[in-house]
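Each remark here refers to the structure printed beneath this line.
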Amino acid sequence: MEKITEASSVFNNLEQMSTRALLEGINSQDQLVPRAVAQIIPEIEVFVEACFERMQHGGRLFYLGAGTSGRLGIVDASECPPTFGVDHGRVVGLIAGGDTAIRKAVEFAEDDTEQGWKDILEHEPTPHDTVVGIAASGTTPYVLGALEKANQQGLLTAGISCNPNSPLSHLAQHTLCPIVGPEFVTGSTRMKSGTAQKLVLNMISTSLMIKLGHVKGNKMVDMQLSNEKLVERGAKMVASELQIDQQTAQEWLLAHGSVRRAVAAYLKQKNNEQL
């Protein structure tokens, strides 16, 4: 299999380039990424619909990867609870080498074909769950082994890679393959490939959370109030929705813990007063 992600960069003699030329070269390559992602929106759509159907029945979404790919999955999963108010176990990010590998590479962890499924087993998977394998190369053993087992156990599977016709593409039930071309630094898939994976993950999780009802209009009505900035943002949402002043909105927000509950409680009280 020809690995586009390992192909030689279209640029050469990088060490001889000026800072401006380096930055412009990287940027010119980065601009290819959203175009590549746009090409696979139909495939992403089919997958999101299938995943949504399972999540409606209590299913969870697992992201699985090694290195940059694993870290991207963990970032996306970890942002779902504060942004959308879902339980921490609803979207789960797993990385080869465990939590240590989030900050420091764990040698040869990605080469273990058994560990990926073992990591998923710790969460007691069911056929309602979905596993998304993330691997720029499409050849990571940690990911491939997990998806093979997931398929056997009746879970929904998808694979995000940047090499067409990779083992991951053939193994996953849903193939999501934005082809971004060779990296600016040959083989450095943390660059365009990583950016493409991040965009696809954003699209998957955000569209699912919207479809699951965690956004109203364009507002994150279930977001966690974990800092003053988010409290202020939430109070503005409540004030706008109910046409009340900011201070009153914040009092209702803090009393009820989320924009959704604050609005519902306020409207309920007003309705009772009118009876």
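All residue names refer to the structure tokens as shown: chains lettered A, B, ... in order, residues numbered from 1 in each chain, ligands numbered from 1 in order.
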Got a sec: who's within 10 Å of Phe62 of chain A, counting only C-alpha atoms, leaving out chain neighbours fewer than 3 positions off, as a PDB file with C-alpha atoms, in the first residue's frame?
```pdb
ATOM      1  CA  GLY A  59     -24.808   4.029  23.292  1.00  0.00           C
ATOM      2  CA  GLY A  73      -9.514  11.900  20.292  1.00  0.00           C
ATOM      3  CA  ILE A  74      -8.944  12.588  23.978  1.00  0.00           C
ATOM      4  CA  ALA A  77     -13.951  13.574  24.135  1.00  0.00           C
ATOM      5  CA  GLY A  89     -18.462   8.394  30.091  1.00  0.00           C
ATOM      6  CA  ARG A  90     -20.627   9.264  27.080  1.00  0.00           C
ATOM      7  CA  VAL A  91     -17.703  10.109  24.795  1.00  0.00           C
ATOM      8  CA  VAL A  92     -14.471   8.331  25.736  1.00  0.00           C
ATOM      9  CA  GLY A  93     -10.970   8.948  24.382  1.00  0.00           C
ATOM     10  CA  LEU A  94      -8.422   6.124  24.597  1.00  0.00           C
ATOM     11  CA  ILE A 120     -12.328  -0.702  25.622  1.00  0.00           C
ATOM     12  CA  HIS A 123     -15.692   0.249  29.956  1.00  0.00           C
ATOM     13  CA  PRO A 125     -18.884  -2.180  25.846  1.00  0.00           C
ATOM     14  CA  ASP A 129     -21.602   1.570  21.408  1.00  0.00           C
ATOM     15  CA  THR A 130     -19.500   3.015  18.594  1.00  0.00           C
ATOM     16  CA  VAL A 131     -15.730   2.851  18.147  1.00  0.00           C
ATOM     17  CA  VAL A 132     -13.894   5.378  15.971  1.00  0.00           C
ATOM     18  CA  GLY A 133     -10.331   4.346  15.178  1.00  0.00           C
ATOM     19  CA  THR A 157     -17.051   1.117  13.802  1.00  0.00           C
TER      20      THR A 157
END
```
Item to check | Backbone-only DSSP, strand (DSSP E) members of segment 114-153 of chain A, as a PyMOL selection string | outcome: chain A and resi 130-134
Based on the selection just made, write C-alpha atoms of those residues as a CSV table (one decimal), in the first residue's frame.
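File selection15.csv, as written:
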```csv
chain,number,residue,atom,x,y,z
A,130,THR,CA,-19.5,3.0,18.6
A,131,VAL,CA,-15.7,2.9,18.1
A,132,VAL,CA,-13.9,5.4,16.0
A,133,GLY,CA,-10.3,4.3,15.2
A,134,ILE,CA,-8.1,7.3,14.4
```
Checklist outcome for this item: A straight line from atom CA of His128 of chain A to atom CA of Arg60 of chain A spans 7.2 Å
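The list of residues with at least one atom within 10 Å of segment 185-190 of chain A, based on only C-alpha atoms and without residues fewer than 6 positions apart in the same chain, reads Lys3, Ile4, Thr5, Glu6, Ala7, Ser8, Ser9, Val10, Phe11, Asn12, Leu14, Ile26, Gly67, Thr68, Ser69, Leu72, Ala135, Ala136, Ser137, Cys162, Ala196 and Gln197 of chain A.
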How would the residues just picked look written out with N, CA and C atoms as a PDB file, in the first residue's frame?
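File out04.pdb, as written:
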```pdb
ATOM      1  N   LYS A   3       1.616   4.835   0.976  1.00  0.00           N
ATOM      2  CA  LYS A   3       1.194   5.741   2.043  1.00  0.00           C
ATOM      3  C   LYS A   3       1.440   7.190   1.615  1.00  0.00           C
ATOM      4  N   ILE A   4       0.352   7.875   1.295  1.00  0.00           N
ATOM      5  CA  ILE A   4       0.486   9.289   0.932  1.00  0.00           C
ATOM      6  C   ILE A   4       1.064  10.078   2.092  1.00  0.00           C
ATOM      7  N   THR A   5       0.708   9.677   3.305  1.00  0.00           N
ATOM      8  CA  THR A   5       1.175  10.404   4.486  1.00  0.00           C
ATOM      9  C   THR A   5       2.688  10.311   4.674  1.00  0.00           C
ATOM     10  N   GLU A   6       3.323   9.339   4.007  1.00  0.00           N
ATOM     11  CA  GLU A   6       4.766   9.177   4.112  1.00  0.00           C
ATOM     12  C   GLU A   6       5.492   9.672   2.867  1.00  0.00           C
ATOM     13  N   ALA A   7       4.729  10.171   1.891  1.00  0.00           N
ATOM     14  CA  ALA A   7       5.342  10.646   0.649  1.00  0.00           C
ATOM     15  C   ALA A   7       6.193  11.892   0.903  1.00  0.00           C
ATOM     16  N   SER A   8       7.180  12.093   0.062  1.00  0.00           N
ATOM     17  CA  SER A   8       8.096  13.219   0.228  1.00  0.00           C
ATOM     18  C   SER A   8       7.378  14.554   0.064  1.00  0.00           C
ATOM     19  N   SER A   9       7.712  15.498   0.908  1.00  0.00           N
ATOM     20  CA  SER A   9       7.132  16.830   0.845  1.00  0.00           C
ATOM     21  C   SER A   9       7.367  17.461  -0.528  1.00  0.00           C
ATOM     22  N   VAL A  10       6.438  18.328  -0.937  1.00  0.00           N
ATOM     23  CA  VAL A  10       6.618  19.041  -2.202  1.00  0.00           C
ATOM     24  C   VAL A  10       7.613  20.189  -2.033  1.00  0.00           C
ATOM     25  N   PHE A  11       8.026  20.421  -0.792  1.00  0.00           N
ATOM     26  CA  PHE A  11       9.053  21.422  -0.495  1.00  0.00           C
ATOM     27  C   PHE A  11      10.360  20.704  -0.159  1.00  0.00           C
ATOM     28  N   ASN A  12      11.475  21.389  -0.383  1.00  0.00           N
ATOM     29  CA  ASN A  12      12.774  20.795  -0.062  1.00  0.00           C
ATOM     30  C   ASN A  12      13.701  21.887   0.488  1.00  0.00           C
ATOM     31  N   LEU A  14      14.318  22.730   3.487  1.00  0.00           N
ATOM     32  CA  LEU A  14      13.568  23.541   4.447  1.00  0.00           C
ATOM     33  C   LEU A  14      14.487  24.349   5.347  1.00  0.00           C
ATOM     34  N   ILE A  26       3.907  26.387   5.047  1.00  0.00           N
ATOM     35  CA  ILE A  26       3.022  25.609   5.927  1.00  0.00           C
ATOM     36  C   ILE A  26       1.576  26.033   5.717  1.00  0.00           C
ATOM     37  N   GLY A  67      -0.434   8.199  19.674  1.00  0.00           N
ATOM     38  CA  GLY A  67       0.281   9.431  19.382  1.00  0.00           C
ATOM     39  C   GLY A  67      -0.656  10.611  19.167  1.00  0.00           C
ATOM     40  N   THR A  68      -0.375  11.410  18.128  1.00  0.00           N
ATOM     41  CA  THR A  68      -1.194  12.575  17.831  1.00  0.00           C
ATOM     42  C   THR A  68      -2.661  12.200  17.665  1.00  0.00           C
ATOM     43  N   SER A  69      -2.933  11.117  16.967  1.00  0.00           N
ATOM     44  CA  SER A  69      -4.310  10.696  16.720  1.00  0.00           C
ATOM     45  C   SER A  69      -5.034  10.402  18.027  1.00  0.00           C
ATOM     46  N   LEU A  72      -5.756  13.694  19.911  1.00  0.00           N
ATOM     47  CA  LEU A  72      -6.863  14.438  19.319  1.00  0.00           C
ATOM     48  C   LEU A  72      -8.202  13.864  19.757  1.00  0.00           C
ATOM     49  N   ALA A 135      -6.183   6.982  12.920  1.00  0.00           N
ATOM     50  CA  ALA A 135      -4.798   6.648  12.579  1.00  0.00           C
ATOM     51  C   ALA A 135      -4.475   7.272  11.230  1.00  0.00           C
ATOM     52  N   ALA A 136      -3.626   8.265  11.216  1.00  0.00           N
ATOM     53  CA  ALA A 136      -3.303   8.951   9.965  1.00  0.00           C
ATOM     54  C   ALA A 136      -2.827   7.969   8.900  1.00  0.00           C
ATOM     55  N   SER A 137      -2.003   7.014   9.312  1.00  0.00           N
ATOM     56  CA  SER A 137      -1.472   6.037   8.368  1.00  0.00           C
ATOM     57  C   SER A 137      -2.500   4.991   7.974  1.00  0.00           C
ATOM     58  N   CYS A 162      -5.777   9.090   6.620  1.00  0.00           N
ATOM     59  CA  CYS A 162      -5.497   9.978   5.494  1.00  0.00           C
ATOM     60  C   CYS A 162      -4.825   9.233   4.346  1.00  0.00           C
ATOM     61  N   ALA A 196      -6.727  17.618   9.763  1.00  0.00           N
ATOM     62  CA  ALA A 196      -7.892  17.001   9.126  1.00  0.00           C
ATOM     63  C   ALA A 196      -8.655  16.132  10.119  1.00  0.00           C
ATOM     64  N   GLN A 197      -7.927  15.354  10.910  1.00  0.00           N
ATOM     65  CA  GLN A 197      -8.576  14.506  11.908  1.00  0.00           C
ATOM     66  C   GLN A 197      -9.333  15.351  12.922  1.00  0.00           C
TER      67      GLN A 197
END
```
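Distances here use only C-alpha atoms; by that measure, the residue among A:Cys80, A:Leu144, A:Thr126, A:Asn227 closest to Asp111 of chain A is A:Leu144.
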Next on the checklist: I want to know what sits within 7 Å of Asp222 of chain A, based on only C-alpha atoms, with residues of the same chain fewer than 5 positions away left out; could you give that as an MDAnalysis selection string?
Outcome noted: chainID A and resid 84:85 214 258:260
Could you write out that same residue set with C-alpha atoms as a short mmCIF file (atom, residue, chain, number, x, y, z; two decimals), in the first residue's frame?
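Written out: selection.cif:
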```cif
data_model
loop_
_atom_site.label_atom_id
_atom_site.label_comp_id
_atom_site.auth_asym_id
_atom_site.auth_seq_id
_atom_site.Cartn_x
_atom_site.Cartn_y
_atom_site.Cartn_z
CA PHE A 84 -22.69 19.96 26.19
CA GLY A 85 -23.30 18.80 29.76
CA HIS A 214 -27.82 19.63 23.85
CA SER A 258 -27.71 25.23 33.58
CA VAL A 259 -29.26 27.53 31.01
CA ARG A 260 -31.89 24.95 30.11
#
```
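The shortest atom-to-atom distance to Pro42 of chain A, with only C-alpha atoms taken into account, belongs to A:His174 out of A:Leu201, A:His174, A:Gly234, A:Glu251.
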Item to check | Pick from A:Gln247, A:Thr195, A:Asn151, A:Thr175 nearest to Asn163 of chain A, counting only C-alpha atoms | outcome: A:Thr175
Item to check | Picked from segment 69-237 of chain A by DSSP as helix (DSSP H, G or I), as a PyMOL selection string | outcome: chain A and resi 69-84+100-103+109-111+115-121+141-152+167-171+192-211+228-237
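Atom to atom, atom CA of Leu208 of chain A and atom CA of Pro127 of chain A stand 18.1 Å apart.
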Next on the checklist: What does the structure give for the distance between atom CA of Asn218 of chain A and atom CA of Ala255 of chain A, in Å to one decimal?
Outcome noted: 23.0 Å
Checklist entry - Closest to Ile160 of chain A among A:Lys198, A:Lys219, A:Arg261, A:Lys268, using only C-alpha atoms? => result A:Lys198
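Considering only C-alpha atoms, the residue among A:Ala158, A:Val263, A:Ile102, A:Val46 positioned nearest to Tyr63 of chain A is A:Ala158.
For the residues A:Glu183, A:Asp99, A:Glu53, A:Asp87, ranking by smallest atom-to-atom distance to Leu156 of chain A using only C-alpha atoms places A:Glu53 first.
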